[in-house]
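One file, data09.cif, carrying mmCIF, C-alpha atoms:
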```
data_target
loop_
_atom_site.label_atom_id
_atom_site.label_comp_id
_atom_site.auth_asym_id
_atom_site.auth_seq_id
_atom_site.Cartn_x
_atom_site.Cartn_y
_atom_site.Cartn_z
CA VAL A 956 -1.10 30.10 -6.62
CA GLU A 957 -3.07 33.18 -5.61
CA ALA A 958 -6.07 31.65 -7.39
CA GLY A 959 -5.87 28.52 -5.24
CA ALA A 960 -3.26 26.19 -6.72
CA ASP A 961 -1.27 24.16 -4.17
CA ALA A 962 1.48 23.27 -6.67
CA VAL A 963 2.55 24.41 -10.13
CA ASP A 964 2.82 21.93 -13.00
CA LEU A 965 5.81 22.65 -15.27
CA ASN A 966 5.21 20.80 -18.53
CA ILE A 967 8.03 21.12 -21.06
CA GLY A 968 7.08 18.11 -23.18
CA PRO A 969 9.86 15.66 -24.09
CA GLN A 970 12.43 18.44 -24.86
CA LYS A 971 15.09 15.91 -25.79
CA LYS A 972 17.80 18.40 -26.76
CA ARG A 973 17.65 21.19 -24.18
CA GLY A 974 15.38 19.88 -21.46
CA HIS A 975 18.25 19.63 -18.99
CA GLU A 976 18.72 23.39 -19.40
CA ILE A 977 15.10 24.51 -19.77
CA LEU A 978 13.48 22.74 -16.81
CA PRO A 979 15.90 23.89 -14.07
CA TRP A 980 15.72 27.43 -15.47
CA LEU A 981 11.92 27.24 -15.37
CA VAL A 982 11.96 25.92 -11.81
CA GLU A 983 14.07 28.85 -10.68
CA VAL A 984 11.85 31.38 -12.46
CA VAL A 985 8.68 29.91 -10.94
CA GLN A 986 10.18 29.65 -7.46
CA GLU A 987 11.17 33.30 -7.70
CA ALA A 988 7.59 34.21 -8.65
CA VAL A 989 5.59 32.07 -6.21
CA GLY A 990 8.07 31.46 -3.42
CA PRO A 991 10.29 28.52 -2.46
CA ASP A 992 7.62 26.73 -0.41
CA VAL A 993 5.26 26.02 -3.32
CA PRO A 994 5.92 22.56 -4.79
CA VAL A 995 6.51 22.21 -8.51
CA VAL A 996 5.52 19.29 -10.70
CA LEU A 997 8.30 18.22 -13.06
CA ASP A 998 6.17 17.19 -16.01
CA THR A 999 8.33 15.68 -18.77
CA THR A 1000 9.52 12.32 -20.05
CA ASN A 1001 13.09 13.67 -20.15
CA LEU A 1002 14.73 12.10 -17.12
CA ALA A 1003 17.93 14.14 -17.48
CA ALA A 1004 15.83 17.31 -17.32
CA ILE A 1005 14.11 16.05 -14.17
CA GLU A 1006 17.42 15.30 -12.49
CA ALA A 1007 18.78 18.73 -13.39
CA ALA A 1008 15.65 20.38 -11.99
CA CYS A 1009 15.88 18.37 -8.77
CA GLU A 1010 19.28 19.96 -8.14
CA VAL A 1011 17.77 23.46 -7.89
CA VAL A 1012 14.29 22.82 -6.50
CA LYS A 1013 13.50 24.02 -2.97
CA ALA A 1014 10.25 22.34 -1.81
CA GLN A 1015 9.76 18.60 -2.31
CA PRO A 1016 8.86 18.28 -6.00
CA ILE A 1017 6.54 15.88 -7.77
CA ILE A 1018 7.77 13.88 -10.76
CA ASN A 1019 5.15 13.41 -13.47
CA SER A 1020 5.52 10.56 -14.22
CA THR A 1021 6.35 6.90 -14.35
CA SER A 1022 4.06 4.17 -15.67
CA ALA A 1023 3.96 0.38 -15.69
CA GLU A 1024 5.93 0.36 -18.94
CA PRO A 1025 9.14 -1.57 -18.08
CA GLU A 1026 11.64 1.07 -19.22
CA ARG A 1027 9.88 3.87 -17.28
CA LEU A 1028 9.24 1.74 -14.20
CA GLU A 1029 12.87 0.71 -14.11
CA SER A 1030 14.37 4.19 -14.27
CA VAL A 1031 12.00 6.89 -12.99
CA PRO A 1032 11.37 5.58 -9.43
CA ILE A 1033 15.14 5.39 -8.92
CA VAL A 1034 15.40 9.12 -9.60
CA ALA A 1035 12.41 9.82 -7.33
CA LYS A 1036 14.08 7.86 -4.53
CA LYS A 1037 17.46 9.55 -5.10
CA TYR A 1038 16.04 13.07 -4.85
CA ASN A 1039 13.31 12.38 -2.26
CA THR A 1040 10.51 13.51 -4.57
CA ARG A 1041 6.90 12.51 -4.76
CA LEU A 1042 6.03 10.41 -7.79
CA ILE A 1043 2.98 10.25 -10.04
CA ALA A 1044 2.53 6.76 -11.47
CA LEU A 1045 0.21 6.18 -14.42
CA THR A 1046 -1.90 3.05 -14.76
CA MET A 1047 -0.61 2.47 -18.26
CA ALA A 1048 1.32 -0.51 -19.56
CA LYS A 1049 3.13 -1.14 -22.83
CA ALA A 1050 -0.16 -2.31 -24.33
CA GLY A 1051 -1.82 0.99 -23.46
CA ILE A 1052 -4.48 2.11 -20.99
CA PRO A 1053 -6.95 -0.55 -19.86
CA VAL A 1054 -10.62 0.37 -20.08
CA GLY A 1055 -11.72 -1.29 -16.86
CA ALA A 1056 -11.12 0.04 -13.35
CA ASP A 1057 -10.05 -3.39 -12.11
CA GLU A 1058 -7.34 -3.66 -14.75
CA ARG A 1059 -6.03 -0.18 -13.92
CA VAL A 1060 -5.98 -0.94 -10.21
CA GLY A 1061 -4.27 -4.22 -11.06
CA LEU A 1062 -1.41 -2.35 -12.71
CA ALA A 1063 -1.00 -0.33 -9.53
CA LEU A 1064 -1.08 -3.35 -7.23
CA GLU A 1065 1.01 -5.68 -9.37
CA HIS A 1066 3.60 -3.30 -10.82
CA LEU A 1067 3.64 0.30 -9.57
CA ILE A 1068 3.41 -0.27 -5.81
CA PRO A 1069 5.71 -3.34 -5.75
CA ARG A 1070 8.40 -1.43 -7.63
CA CYS A 1071 8.28 1.35 -5.05
CA LEU A 1072 8.44 -1.16 -2.21
CA GLU A 1073 11.42 -2.81 -3.88
CA LEU A 1074 13.27 0.53 -3.76
CA ASP A 1075 12.03 1.38 -0.26
CA PHE A 1076 10.27 4.38 -1.77
CA PRO A 1077 7.62 5.71 0.65
CA ILE A 1078 4.09 4.78 -0.41
CA SER A 1079 3.04 8.07 1.19
CA ASP A 1080 4.93 9.83 -1.63
CA LEU A 1081 3.39 7.70 -4.39
CA ILE A 1082 0.49 9.22 -6.34
CA ILE A 1083 -1.48 6.87 -8.60
CA ASP A 1084 -3.06 8.42 -11.70
CA PRO A 1085 -5.72 6.15 -13.24
CA LEU A 1086 -5.70 8.30 -16.38
CA VAL A 1087 -8.70 10.35 -17.39
CA LEU A 1088 -9.53 10.23 -21.10
CA THR A 1089 -11.87 12.38 -23.11
CA VAL A 1090 -15.60 11.85 -23.14
CA SER A 1091 -15.41 12.58 -26.86
CA GLY A 1092 -14.25 9.27 -28.28
CA CYS A 1093 -13.30 7.46 -25.07
CA GLN A 1094 -16.54 7.84 -23.16
CA GLU A 1095 -16.49 4.35 -21.68
CA TYR A 1096 -13.26 5.23 -19.83
CA CYS A 1097 -14.82 8.10 -17.85
CA PRO A 1098 -16.75 6.20 -15.17
CA GLU A 1099 -13.98 3.62 -14.94
CA ALA A 1100 -11.43 6.24 -13.87
CA VAL A 1101 -13.77 7.33 -11.07
CA SER A 1102 -14.21 3.70 -9.98
CA ALA A 1103 -10.45 3.15 -10.07
CA VAL A 1104 -9.86 6.09 -7.72
CA MET A 1105 -12.40 4.68 -5.28
CA THR A 1106 -11.05 1.12 -5.46
CA LEU A 1107 -7.50 2.28 -4.79
CA LYS A 1108 -8.67 3.63 -1.44
CA PHE A 1109 -9.38 0.06 -0.30
CA ALA A 1110 -6.84 -1.95 -2.29
CA TRP A 1111 -3.71 -1.14 -0.28
CA ASP A 1112 -2.90 -0.20 3.29
CA PRO A 1113 -1.94 2.56 3.56
CA PRO A 1114 -3.67 3.63 0.34
CA PRO A 1115 -1.63 5.66 -2.13
CA LEU A 1116 -2.69 9.17 -3.04
CA THR A 1117 -4.54 9.61 -6.31
CA ASN A 1118 -4.37 12.23 -9.04
CA ALA A 1119 -6.02 13.02 -12.36
CA GLY A 1120 -5.55 15.38 -15.26
CA LEU A 1121 -9.00 16.93 -15.00
CA SER A 1122 -9.26 18.73 -18.33
CA ASN A 1123 -8.45 15.53 -20.21
CA VAL A 1124 -12.10 14.57 -19.79
CA SER A 1125 -13.15 17.40 -22.11
CA ASN A 1126 -10.38 17.21 -24.71
CA ALA A 1127 -11.68 17.58 -28.28
CA VAL A 1128 -14.97 19.02 -26.97
CA PRO A 1129 -16.19 22.47 -28.12
CA HIS A 1130 -14.56 25.13 -25.95
CA THR A 1131 -17.79 26.46 -24.48
CA MET A 1132 -18.82 23.01 -23.29
CA ARG A 1133 -15.59 22.06 -21.56
CA PRO A 1134 -16.04 23.84 -18.21
CA LEU A 1135 -19.27 22.07 -17.25
CA LEU A 1136 -17.81 18.66 -18.06
CA ASP A 1137 -14.67 19.44 -16.04
CA ARG A 1138 -16.59 20.80 -13.03
CA THR A 1139 -19.09 17.95 -12.89
CA TYR A 1140 -16.34 15.35 -13.25
CA MET A 1141 -14.40 17.09 -10.49
CA VAL A 1142 -17.27 16.63 -8.05
CA MET A 1143 -17.51 12.97 -9.06
CA LEU A 1144 -13.78 12.44 -8.53
CA MET A 1145 -14.01 14.14 -5.14
CA GLY A 1146 -16.79 11.76 -4.22
CA ALA A 1147 -14.49 8.87 -5.14
CA GLY A 1148 -11.84 10.25 -2.78
CA ILE A 1149 -9.28 11.83 -5.09
CA GLU A 1150 -6.68 14.00 -3.36
CA MET A 1151 -5.09 15.84 -6.28
CA VAL A 1152 -5.95 17.05 -9.76
CA ILE A 1153 -4.05 18.93 -12.42
CA ALA A 1154 -6.55 21.65 -13.22
CA ASN A 1155 -7.03 25.31 -14.08
CA PRO A 1156 -7.25 27.42 -10.90
CA PHE A 1157 -8.38 30.41 -13.01
CA ASP A 1158 -11.69 28.65 -13.65
CA SER A 1159 -13.43 30.46 -10.82
CA ASP A 1160 -16.58 28.34 -11.10
CA LEU A 1161 -14.51 25.16 -10.81
CA MET A 1162 -12.82 26.50 -7.70
CA GLU A 1163 -16.22 27.47 -6.31
CA TRP A 1164 -17.61 23.98 -6.86
CA ILE A 1165 -14.57 22.54 -5.09
CA ARG A 1166 -15.14 24.94 -2.20
CA VAL A 1167 -18.81 24.00 -1.98
CA VAL A 1168 -17.92 20.32 -1.61
CA GLU A 1169 -15.02 20.84 0.78
CA GLU A 1170 -16.99 23.19 3.03
CA ARG A 1171 -20.32 21.33 2.68
CA ASP A 1172 -22.00 24.61 1.71
CA GLU A 1173 -25.73 23.97 1.17
CA GLY A 1174 -26.51 27.64 0.64
CA THR A 1175 -28.12 27.33 -2.81
CA PRO A 1176 -30.18 24.68 -4.63
CA LEU A 1177 -27.24 24.07 -6.98
CA ASN A 1178 -24.90 23.62 -4.04
CA LYS A 1179 -27.26 21.01 -2.59
CA LEU A 1180 -27.24 19.14 -5.89
CA LEU A 1181 -23.43 19.17 -6.04
CA LEU A 1182 -23.25 17.78 -2.52
CA THR A 1183 -25.82 15.12 -3.39
CA LEU A 1184 -23.79 14.13 -6.45
CA HIS A 1185 -20.65 13.93 -4.33
CA ASP A 1186 -22.38 11.87 -1.67
CA ARG A 1187 -24.02 9.52 -4.18
CA ILE A 1188 -20.62 8.76 -5.71
CA ALA A 1189 -19.06 8.28 -2.26
CA ALA A 1190 -21.82 5.81 -1.38
CA MET A 1191 -21.40 4.02 -4.75
CA GLU A 1192 -24.93 5.05 -5.69
CA GLU A 1193 -26.33 6.70 -8.79
CA LEU A 1194 -27.64 10.23 -8.93
CA GLN A 1195 -31.43 10.07 -9.27
CA PRO A 1196 -33.80 12.28 -11.29
CA SER A 1197 -35.57 13.02 -8.02
CA ASP A 1198 -32.32 14.61 -6.76
CA VAL A 1199 -32.54 17.23 -9.52
CA ASP A 1200 -34.88 20.16 -10.06
CA MET A 1201 -35.38 19.71 -13.80
CA GLY A 1202 -37.06 23.12 -13.94
CA ASP A 1203 -33.72 24.72 -13.08
CA PRO A 1204 -31.66 24.91 -16.32
CA THR A 1205 -28.33 24.74 -14.47
CA GLN A 1206 -29.34 21.68 -12.47
CA LYS A 1207 -30.68 20.02 -15.62
CA ASP A 1208 -27.35 20.64 -17.37
CA VAL A 1209 -25.50 19.01 -14.45
CA TRP A 1210 -27.85 16.02 -14.70
CA LEU A 1211 -27.30 15.65 -18.44
CA THR A 1212 -23.54 15.98 -17.96
CA TYR A 1213 -23.59 13.32 -15.24
CA GLN A 1214 -25.48 11.01 -17.60
CA VAL A 1215 -22.79 11.48 -20.24
CA LEU A 1216 -19.87 11.07 -17.82
CA THR A 1217 -21.32 7.83 -16.47
CA ASN A 1218 -21.72 6.54 -20.04
CA LYS A 1219 -25.49 6.25 -19.74
CA VAL A 1220 -26.15 8.68 -22.60
CA ILE A 1221 -23.94 8.78 -25.68
CA TYR A 1222 -21.91 11.96 -25.89
CA THR A 1223 -22.53 14.35 -28.77
CA ASP A 1224 -21.66 18.02 -29.00
CA ALA A 1225 -25.41 18.69 -28.69
CA TYR A 1226 -26.01 16.62 -25.54
CA LEU A 1227 -27.14 19.66 -23.52
CA ARG A 1228 -30.00 20.16 -25.96
CA ALA A 1229 -31.38 16.72 -25.27
#
```
Re-express the file's structure as structure tokens.
Amino acid sequence: VEAGADAVDLNIGPQKKRGHEILPWLVEVVQEAVGPDVPVVLDTTNLAAIEAACEVVKAQPIINSTSAEPERLESVPIVAKKYNTRLIALTMAKAGIPVGADERVGLALEHLIPRCLELDFPISDLIIDPLVLTVSGCQEYCPEAVSAVMTLKFAWDPPPLTNAGLSNVSNAVPHTMRPLLDRTYMVMLMGAGIEMVIANPFDSDLMEWIRVVEERDEGTPLNKLLLTLHDRIAAMEELQPSDVDMGDPTQKDVWLTYQVLTNKVIYTDAYLRA
């Protein structure tokens, strides 16, 4: 929280046997450490654990998550409504995660939002997650998640909030290469209009890039490039080579990373040496 997090994600996995004991205990420990006003994200598929945690939580929590899978969509929003939580809803059906942005938005419009309306659950508390997948093996999904975030801003009135698991984009990538992928993708998601991400606030460069975009800080050549990238995405345009000083190694790395994240250049672990 001191590093900049607005909420704390508490991921206990499925924890089928003791989740109902572990998650409320964890909520109390975290609230003691960061204060009762910081929201927690109840990140588990164990619904009994979520309900137990909701009994002890202070600030309005966020349930992570439901999906368009019938059994989850039937049960999880009911709990969210009962305890007045916010709810992350994944654009995933029983058949899996669609590649295309339109199909992901379709799941939101045809299943996730209607279910919330059926329960009189506030759309203002619904957070759609179009699901970020790794550039290593699922590269074609990366630009589609960005497009899905943008489309959701126009597909419903009022539009639901959007969220993404940022580090998913660099899963299975060599450790030293992950930060640049995460940071560049963050700027792209911000350009698309995302409101929330699950991310590492201890990545000081990531937090700096977020600050640069939020404050429109043009103080360095790199800052100007990040703002250009953000604005190009917001305008549904492509970043251009003329936007980049290719003689600056850092700017060139951002350009190469953008090319990979937009699926224009095939990802390899050596893409920065292109």
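Among the candidate residues A:Leu1136, A:Leu1182, A:Leu1028, A:Val1054, the one lying nearest to Pro1069 (chain A) is A:Leu1028, with distances computed using only C-alpha atoms.
Taking CA of Leu1107 (chain A) and CA of Glu1163 (chain A) as endpoints, the distance between them is 26.7 Å.
When all atoms listed in the file are used to measure the gap to Asn1126 (chain A), the shortest distance among A:Tyr1140, A:Leu1081, A:Leu1088, A:Met1162 belongs to A:Leu1088.
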Residues returned when the PyMOL selection byres ((chain A and resi 1222) around 12) runs on this file, as JSON, numbers by chain: {"A": [1089, 1090, 1091, 1092, 1093, 1094, 1095, 1097, 1124, 1125, 1127, 1128, 1132, 1136, 1211, 1212, 1213, 1214, 1215, 1216, 1217, 1218, 1219, 1220, 1221, 1223, 1224, 1225, 1226, 1227, 1228, 1229]}
Point-to-point distance from CA of Ile1033 (chain A) to CA of Asp992 (chain A), Å rounded to tenths: 24.2 Å
Explicit residues for the PyMOL selection byres ((chain A and resi 1156) around 8) (as a PyMOL selection string): chain A and resi 956+958-960+1154-1155+1157-1159+1161-1162
Hits of the PyMOL selection byres ((chain A and resi 991) around 12) in this structure, as JSON, numbers by chain: {"A": [962, 963, 982, 983, 984, 985, 986, 987, 988, 989, 990, 992, 993, 994, 995, 1011, 1012, 1013, 1014, 1015, 1016]}
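Of the residues listed (A:Glu1058, A:Ser1102, A:Ala1004, A:Leu997), A:Ala1004 shows the shortest atom-to-atom separation from Lys971 (chain A); distances use all atoms listed in the file.
Atom pair CA of Asp1198 (chain A) / CA of Asn1178 (chain A): separated by 12.0 Å.
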Exercise: residues within 7 Å of coordinate (3.3, 3.9, -13.4), counting only C-alpha atoms, as a count of residues only: 9
Selection as a VMD selection string: residues within 12 Å of (3.2, 8.3, -16.1), counting only C-alpha atoms: chain A and resid 997 to 1001 1017 to 1028 1031 to 1032 1042 to 1049 1051 to 1052 1063 1067 1081 to 1086 1118 to 1120
Output for the residues just chosen: C-alpha atoms as an mmCIF file, in the frame of the given file:
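Saved as out-v8.cif:
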```cif
data_model
loop_
_atom_site.group_PDB
_atom_site.id
_atom_site.type_symbol
_atom_site.label_atom_id
_atom_site.label_comp_id
_atom_site.auth_asym_id
_atom_site.auth_seq_id
_atom_site.Cartn_x
_atom_site.Cartn_y
_atom_site.Cartn_z
ATOM 1 C CA LEU A 997 8.300 18.220 -13.060
ATOM 2 C CA ASP A 998 6.170 17.190 -16.010
ATOM 3 C CA THR A 999 8.330 15.680 -18.770
ATOM 4 C CA THR A 1000 9.520 12.320 -20.050
ATOM 5 C CA ASN A 1001 13.090 13.670 -20.150
ATOM 6 C CA ILE A 1017 6.540 15.880 -7.770
ATOM 7 C CA ILE A 1018 7.770 13.880 -10.760
ATOM 8 C CA ASN A 1019 5.150 13.410 -13.470
ATOM 9 C CA SER A 1020 5.520 10.560 -14.220
ATOM 10 C CA THR A 1021 6.350 6.900 -14.350
ATOM 11 C CA SER A 1022 4.060 4.170 -15.670
ATOM 12 C CA ALA A 1023 3.960 0.380 -15.690
ATOM 13 C CA GLU A 1024 5.930 0.360 -18.940
ATOM 14 C CA PRO A 1025 9.140 -1.570 -18.080
ATOM 15 C CA GLU A 1026 11.640 1.070 -19.220
ATOM 16 C CA ARG A 1027 9.880 3.870 -17.280
ATOM 17 C CA LEU A 1028 9.240 1.740 -14.200
ATOM 18 C CA VAL A 1031 12.000 6.890 -12.990
ATOM 19 C CA PRO A 1032 11.370 5.580 -9.430
ATOM 20 C CA LEU A 1042 6.030 10.410 -7.790
ATOM 21 C CA ILE A 1043 2.980 10.250 -10.040
ATOM 22 C CA ALA A 1044 2.530 6.760 -11.470
ATOM 23 C CA LEU A 1045 0.210 6.180 -14.420
ATOM 24 C CA THR A 1046 -1.900 3.050 -14.760
ATOM 25 C CA MET A 1047 -0.610 2.470 -18.260
ATOM 26 C CA ALA A 1048 1.320 -0.510 -19.560
ATOM 27 C CA LYS A 1049 3.130 -1.140 -22.830
ATOM 28 C CA GLY A 1051 -1.820 0.990 -23.460
ATOM 29 C CA ILE A 1052 -4.480 2.110 -20.990
ATOM 30 C CA ALA A 1063 -1.000 -0.330 -9.530
ATOM 31 C CA LEU A 1067 3.640 0.300 -9.570
ATOM 32 C CA LEU A 1081 3.390 7.700 -4.390
ATOM 33 C CA ILE A 1082 0.490 9.220 -6.340
ATOM 34 C CA ILE A 1083 -1.480 6.870 -8.600
ATOM 35 C CA ASP A 1084 -3.060 8.420 -11.700
ATOM 36 C CA PRO A 1085 -5.720 6.150 -13.240
ATOM 37 C CA LEU A 1086 -5.700 8.300 -16.380
ATOM 38 C CA ASN A 1118 -4.370 12.230 -9.040
ATOM 39 C CA ALA A 1119 -6.020 13.020 -12.360
ATOM 40 C CA GLY A 1120 -5.550 15.380 -15.260
#
```
Contact residues around Asp1080 (chain A) with only C-alpha atoms at 8 Å, ignoring same-chain residues under 4 positions, as a ChimeraX atom specification: /A:1040-1042,1076,1115-1116
Spatial neighbours of Gly1148 (chain A), max dist 7 Å, all atoms listed in the file, sep filter under 2 positions, as an NGL selection string: :A and (1104-1105 or 1144-1146 or 1150)
Would you save the residues of that selection, restricted to C-alpha atoms, as a tab-separated table (two decimals), in the frame of the given file?
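The file below, result17.tsv, is the result:
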```
chain	number	residue	atom	x	y	z
A	1104	VAL	CA	-9.86	6.09	-7.72
A	1105	MET	CA	-12.40	4.68	-5.28
A	1144	LEU	CA	-13.78	12.44	-8.53
A	1145	MET	CA	-14.01	14.14	-5.14
A	1146	GLY	CA	-16.79	11.76	-4.22
A	1150	GLU	CA	-6.68	14.00	-3.36
```
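Taking only C-alpha atoms into account, Lys1179 (chain A) lies nearest to A:Val1167 out of the set A:Met1143, A:Leu981, A:Val1167, A:Ala1007.
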Contacts of Leu1180 (chain A) at 9 Å (only C-alpha atoms; same-chain gap of 5+ positions) as a VMD selection string: chain A and resid 1173 1175 1185 1198 to 1200 1206 1209
File for region 1063-1136 of chain A (C-alpha atoms), as a CSV table (one decimal), in the first residue's frame:
```
chain,number,residue,atom,x,y,z
A,1063,ALA,CA,-19.9,-9.7,-21.0
A,1064,LEU,CA,-23.0,-8.4,-22.9
A,1065,GLU,CA,-24.9,-11.6,-23.2
A,1066,HIS,CA,-24.1,-13.4,-19.9
A,1067,LEU,CA,-22.1,-11.4,-17.3
A,1068,ILE,CA,-24.0,-8.1,-17.3
A,1069,PRO,CA,-27.5,-9.7,-17.8
A,1070,ARG,CA,-26.9,-11.9,-14.8
A,1071,CYS,CA,-26.0,-8.9,-12.6
A,1072,LEU,CA,-29.1,-7.0,-13.8
A,1073,GLU,CA,-31.2,-10.1,-13.1
A,1074,LEU,CA,-30.0,-9.9,-9.4
A,1075,ASP,CA,-30.2,-6.1,-9.3
A,1076,PHE,CA,-26.5,-6.1,-8.7
A,1077,PRO,CA,-25.1,-2.6,-9.4
A,1078,ILE,CA,-23.2,-2.4,-12.7
A,1079,SER,CA,-21.0,0.2,-11.0
A,1080,ASP,CA,-19.7,-2.6,-8.8
A,1081,LEU,CA,-19.1,-5.0,-11.7
A,1082,ILE,CA,-15.5,-5.2,-13.0
A,1083,ILE,CA,-15.0,-7.0,-16.4
A,1084,ASP,CA,-11.7,-8.8,-16.9
A,1085,PRO,CA,-11.1,-9.7,-20.5
A,1086,LEU,CA,-8.3,-12.0,-19.5
A,1087,VAL,CA,-4.7,-11.3,-20.4
A,1088,LEU,CA,-2.7,-14.3,-21.5
A,1089,THR,CA,1.0,-14.7,-22.0
A,1090,VAL,CA,2.8,-13.4,-25.1
A,1091,SER,CA,4.8,-16.6,-24.9
A,1092,GLY,CA,2.5,-19.1,-26.6
A,1093,CYS,CA,-0.7,-17.0,-26.7
A,1094,GLN,CA,0.6,-14.0,-28.5
A,1095,GLU,CA,-2.5,-13.5,-30.6
A,1096,TYR,CA,-4.5,-12.9,-27.5
A,1097,CYS,CA,-2.5,-9.8,-26.4
A,1098,PRO,CA,-3.9,-7.1,-28.7
A,1099,GLU,CA,-7.4,-8.6,-28.4
A,1100,ALA,CA,-7.5,-8.0,-24.7
A,1101,VAL,CA,-6.6,-4.4,-25.2
A,1102,SER,CA,-9.3,-4.1,-27.9
A,1103,ALA,CA,-11.8,-5.7,-25.5
A,1104,VAL,CA,-11.1,-3.2,-22.8
A,1105,MET,CA,-11.7,-0.4,-25.3
A,1106,THR,CA,-14.9,-1.9,-26.7
A,1107,LEU,CA,-16.4,-2.4,-23.3
A,1108,LYS,CA,-16.2,1.4,-22.8
A,1109,PHE,CA,-18.8,1.8,-25.6
A,1110,ALA,CA,-20.8,-1.4,-25.4
A,1111,TRP,CA,-22.9,-0.6,-22.3
A,1112,ASP,CA,-24.3,2.5,-20.6
A,1113,PRO,CA,-23.0,3.0,-18.0
A,1114,PRO,CA,-19.9,1.0,-19.0
A,1115,PRO,CA,-18.6,-1.5,-16.4
A,1116,LEU,CA,-15.2,-1.1,-14.9
A,1117,THR,CA,-12.4,-3.2,-16.4
A,1118,ASN,CA,-9.5,-5.1,-14.8
A,1119,ALA,CA,-6.5,-7.2,-15.9
A,1120,GLY,CA,-3.9,-9.4,-14.4
A,1121,LEU,CA,-1.0,-7.5,-15.8
A,1122,SER,CA,1.9,-9.9,-15.2
A,1123,ASN,CA,0.0,-12.7,-17.0
A,1124,VAL,CA,1.3,-11.1,-20.3
A,1125,SER,CA,4.8,-12.1,-19.4
A,1126,ASN,CA,4.2,-15.5,-17.9
A,1127,ALA,CA,6.8,-18.1,-19.0
A,1128,VAL,CA,9.1,-15.4,-20.3
A,1129,PRO,CA,12.7,-15.1,-18.9
A,1130,HIS,CA,12.7,-13.2,-15.7
A,1131,THR,CA,14.8,-10.3,-16.9
A,1132,MET,CA,12.5,-9.7,-19.8
A,1133,ARG,CA,9.2,-9.6,-17.9
A,1134,PRO,CA,9.3,-6.0,-16.6
A,1135,LEU,CA,9.5,-4.3,-20.0
A,1136,LEU,CA,6.6,-6.4,-21.3
```
